[in-house]
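The next block holds one structure in the form of structure tokens; read it before the comments.
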Amino acid sequence: MTTNVDLRLIAGMGPQLFTAPTVEGLPVDLQATLEELVNTWQARYPGNARRQAYLDCKVYVDSLDIALPREIARDLRLVSTWPEKAVFSLTSRCHWDGVVAPDGSEDPYGLASILEENRFSTEIGQAVASAATHGVAFLATLPGDVAAGDPPVLVLPYSAMTAAALWDRRRRGIRAGLLINDVDYLGRPTELILLTPHVMVSMAPLGAQGWFVTGHVEHHLGRTPMEALVYRGNLDRPLGRSRLTDGVLSIVDRAVRASMRMDVSSELFTAPGLLLRGVDKATFDQIKGSWSWRLGSVKGISRDEEGDLPEVDMIPQQSMQPYVDQLRELAQELAGALSLPVGSLGIVQDNPSSADAIYAAREELVTEASDFNDANSYALNRVYRNILMLRDGVLPEDAARISTHWRNPARPSIVSQSDAMIKQIQAIPEIGKTDVALEELGYTRQQITRMRAQIEQQRGRDNLDAILRGARGPAAGGGDFDLI
């Protein structure tokens with residue numbers, strides 16, 4: 001039993017398999033590191049490509065070739081969107097909401113402008129989705145070419161399809177990293193970047209002359225300028241595991257086969273089935289080959305040569321309910337494996353769920369999203385410090401206290417969230433004067449900034465109005481008029 005994955009159909013999948021090039025001008029130790037990284041990438045490539053194909057709905061599952069011929073199954077080309085739901089139902093709750101400074105300032109050390117120039121608020125969501133798909137994604141911080149229009153520091157996300165890393169257990173970080181920065185139309189790499197705790201080396205092929213070092217920069221970070229966003233990492237797999245596990249994909253395959261059987265069954269029983277007895281061969285051939293006769297509202301069969309009427313029995317249509325029940329059972333199995341509500345997989349329950357039941361069904365997913373955010377906060381905090389170090393050459397004393405703010409993955413309703421926050425403010429009135437209260441009420445960082453600015457503007461107008469009102473009267477001859 002096989003699963004067909006046509007890698008040519010995966011648009012934008014990135015590089016194809018390649019071997020480590022021998023780079024002219026690259027030191028021996030870095031050449032050995034490059035080969036180790038390429039071998040690591042090669043070993044992970046088939047599994048990563050398979051999961052990407054499932055996510056992109058490019059996997060066509062074969063039948064078991066027992067009741068349904070494989071030729072028919074391949075012609076149906078049925079796919080499932082459940083892998084997409086498995087990934088994005090989680091990552092849609094992981095919403096990055098800015099950088100938090102130790103002193104509560106809006107733009108700590110000018111990070112916001114650099115992150116904005118790098119489209120960080122958009123691309124961090126894509127990196128998180130890639131981490132859930134392949135188990136890991138990477139954020140590389142590289143010096144930018146300001147003269148060419150780059151920001152001072154480039155923050156570039158890479159998926160496991162376009163990057164590889166070697167893990168250093170002692171330092172709990174990446175020992176060396178490889179970035180496949182560009183490929184040609186055949187998927188062959190045309191630019192590689194090797195990252196180590198001391199240097200960044202860019203490499204590119206020069207026609208038929210082979211690969212050459214095109215850039216060499218010492219960064220003085222003391223660590224590799226590349227951080228891993230990891231989904232469900234553990235001691236044995238520090239670079240994480242995919243949300244699309246073999247168990248999840250097995251359930252998806254079974255659901256596709258159930259859909260195949262349902263489609264073929266409905267096709268076979270769309271036209272009424274007839275069991276004919278006492279019909280001569282010429283009449284039988286005519287009925288068998290006549291689609292209009294089978295679908296016509298008026299039908300007739302003449303007597304045979306002996307004057308007897310043929311016997312006609314109708315074969316009843318097969319019920320689709322067994323297939324529907326099987327799909328429901330598979331959806332419940334997948335929902336349990338992924339901590340998803342069954343309704344999110346397209347299964348409608350007979351009795352509508354209450355608000356409490358819906359929240360309970362999503363509680364595990366919310367907890368998992370919160371854990372995912374916590375695990376990635378450490379890597380993001382290191383990215384912020386890498387940006388400051390590459391831009392300024394030194395780190396502020398309290399740079400280690402810069403942290404990441406995520407939106408509440410539970411996404412409570414505005415009414416319930418406001419009610420809970422008001423009760424807390426009534427108990428501790430000082431909370432109402434903080435930005436934290438506004439965040440808990442559901443306002444984004446941009447909305448809070450605008451609200452604070454407009455409140456200050458209005459406060460300034462009120463103060464000016466009070467001053468001008470106090471200056472009226474004796475100085476103006478006691479006239480009853482407003483200066484504004």
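Residues are named by chain letter and number: chains run A, B, ... in the order of the structure tokens, numbers start at 1 in each chain, and ligands are numbered from 1 in the order shown.
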
Contacts between stretch 244-255 of chain A and stretch 323-441 of chain A, please, where a residue of stretch 323-441 of chain A counts if it comes within 10 Å (with only C-alpha atoms); show its shortest atom pair and distance in Å to one decimal, rows by chain and ascending number, as CSV.
```
residue,atom,partner,partner_atom,distance
A:Tyr323,CA,A:Ala255,CA,9.6
A:Gln326,CA,A:Ala255,CA,8.0
A:Leu327,CA,A:Ala255,CA,6.0
A:Arg328,CA,A:Ala255,CA,9.3
A:Glu329,CA,A:Ala255,CA,9.5
A:Leu330,CA,A:Ala255,CA,6.5
A:Ala331,CA,A:Ala255,CA,8.1
A:Glu333,CA,A:Ile251,CA,7.7
A:Leu334,CA,A:Val248,CA,6.6
A:Ala335,CA,A:Val248,CA,9.7
A:Ala337,CA,A:Val248,CA,7.1
A:Leu338,CA,A:Val248,CA,8.1
```

Per residue of stretch 101-158 of chain A within 12 Å of stretch 55-63 of chain A, record the nearest atom pair and its distance in Å to one decimal, counting only C-alpha atoms, with rows in chain order and ascending residue number, as JSON lines.
```
{"residue": "A:Ala129", "atom": "CA", "partner": "A:Leu55", "partner_atom": "CA", "distance": 10.7}
{"residue": "A:Ser130", "atom": "CA", "partner": "A:Leu55", "partner_atom": "CA", "distance": 10.3}
{"residue": "A:Ala132", "atom": "CA", "partner": "A:Leu55", "partner_atom": "CA", "distance": 10.9}
{"residue": "A:Thr133", "atom": "CA", "partner": "A:Leu55", "partner_atom": "CA", "distance": 7.8}
{"residue": "A:His134", "atom": "CA", "partner": "A:Leu55", "partner_atom": "CA", "distance": 10.4}
```

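Minimum atom-to-atom distance to A:Met421, evaluated using only C-alpha atoms, belongs to A:Ala437 out of A:Ala437, A:Leu229, A:Ala400, A:Leu17.
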
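Distances to A:Asp236 were evaluated for A:Arg188, A:Arg169, A:Arg74, A:Arg223 using only C-alpha atoms, and the minimum falls at A:Arg169.
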
Write out as a PyMOL selection string which residues come within 6 Å of stretch 361-378 of chain A when counting only C-alpha atoms, dropping same-chain ones fewer than 2 positions away. chain A and resi 229+339+341+358-359+380-381+404+409-410

Deliver the residues from the most recent selection as a file, using N, CA and C atoms, as a PDB file, in the first residue's frame.
```
ATOM      1  N   LEU A 229      12.358  28.089  16.341  1.00  0.00           N
ATOM      2  CA  LEU A 229      10.996  28.060  16.867  1.00  0.00           C
ATOM      3  C   LEU A 229      10.542  26.607  16.827  1.00  0.00           C
ATOM      4  N   SER A 339      -6.553  17.638  19.894  1.00  0.00           N
ATOM      5  CA  SER A 339      -7.214  18.525  20.859  1.00  0.00           C
ATOM      6  C   SER A 339      -8.106  19.536  20.145  1.00  0.00           C
ATOM      7  N   PRO A 341     -12.103  20.589  18.655  1.00  0.00           N
ATOM      8  CA  PRO A 341     -13.536  20.284  18.700  1.00  0.00           C
ATOM      9  C   PRO A 341     -13.941  19.526  17.435  1.00  0.00           C
ATOM     10  N   ILE A 358     -18.586  24.118  24.537  1.00  0.00           N
ATOM     11  CA  ILE A 358     -17.680  24.578  23.487  1.00  0.00           C
ATOM     12  C   ILE A 358     -16.359  25.012  24.087  1.00  0.00           C
ATOM     13  N   TYR A 359     -16.414  25.728  25.208  1.00  0.00           N
ATOM     14  CA  TYR A 359     -15.170  26.165  25.854  1.00  0.00           C
ATOM     15  C   TYR A 359     -14.362  24.971  26.350  1.00  0.00           C
ATOM     16  N   LEU A 380      12.545  34.078  20.704  1.00  0.00           N
ATOM     17  CA  LEU A 380      12.291  35.435  20.226  1.00  0.00           C
ATOM     18  C   LEU A 380      13.044  36.464  21.059  1.00  0.00           C
ATOM     19  N   ASN A 381      13.123  36.253  22.355  1.00  0.00           N
ATOM     20  CA  ASN A 381      13.866  37.186  23.200  1.00  0.00           C
ATOM     21  C   ASN A 381      15.343  37.220  22.804  1.00  0.00           C
ATOM     22  N   THR A 404       8.532  39.006  25.084  1.00  0.00           N
ATOM     23  CA  THR A 404       7.526  38.967  24.020  1.00  0.00           C
ATOM     24  C   THR A 404       6.132  38.967  24.613  1.00  0.00           C
ATOM     25  N   PRO A 409      -4.563  33.365  23.840  1.00  0.00           N
ATOM     26  CA  PRO A 409      -4.978  32.332  22.874  1.00  0.00           C
ATOM     27  C   PRO A 409      -6.408  31.850  23.080  1.00  0.00           C
ATOM     28  N   ALA A 410      -6.985  32.117  24.248  1.00  0.00           N
ATOM     29  CA  ALA A 410      -8.365  31.670  24.499  1.00  0.00           C
ATOM     30  C   ALA A 410      -9.366  32.494  23.712  1.00  0.00           C
TER      31      ALA A 410
END
```

Give me, as JSON lines, the closest atom pair and its distance (Å, one decimal) for every residue of stretch 110-210 of chain A within a cut-off of 10 Å of stretch 42-50 of chain A, counting only C-alpha atoms, rows sorted by chain and rising number.
```
{"residue": "A:Thr133", "atom": "CA", "partner": "A:Asn48", "partner_atom": "CA", "distance": 8.2}
{"residue": "A:His134", "atom": "CA", "partner": "A:Asn48", "partner_atom": "CA", "distance": 5.8}
{"residue": "A:Gly135", "atom": "CA", "partner": "A:Asn48", "partner_atom": "CA", "distance": 9.1}
{"residue": "A:Ser159", "atom": "CA", "partner": "A:Asn48", "partner_atom": "CA", "distance": 9.6}
{"residue": "A:Ala160", "atom": "CA", "partner": "A:Asn48", "partner_atom": "CA", "distance": 7.1}
{"residue": "A:Met161", "atom": "CA", "partner": "A:Asn48", "partner_atom": "CA", "distance": 6.6}
{"residue": "A:Thr162", "atom": "CA", "partner": "A:Tyr45", "partner_atom": "CA", "distance": 9.6}
{"residue": "A:Ala164", "atom": "CA", "partner": "A:Arg44", "partner_atom": "CA", "distance": 8.9}
```
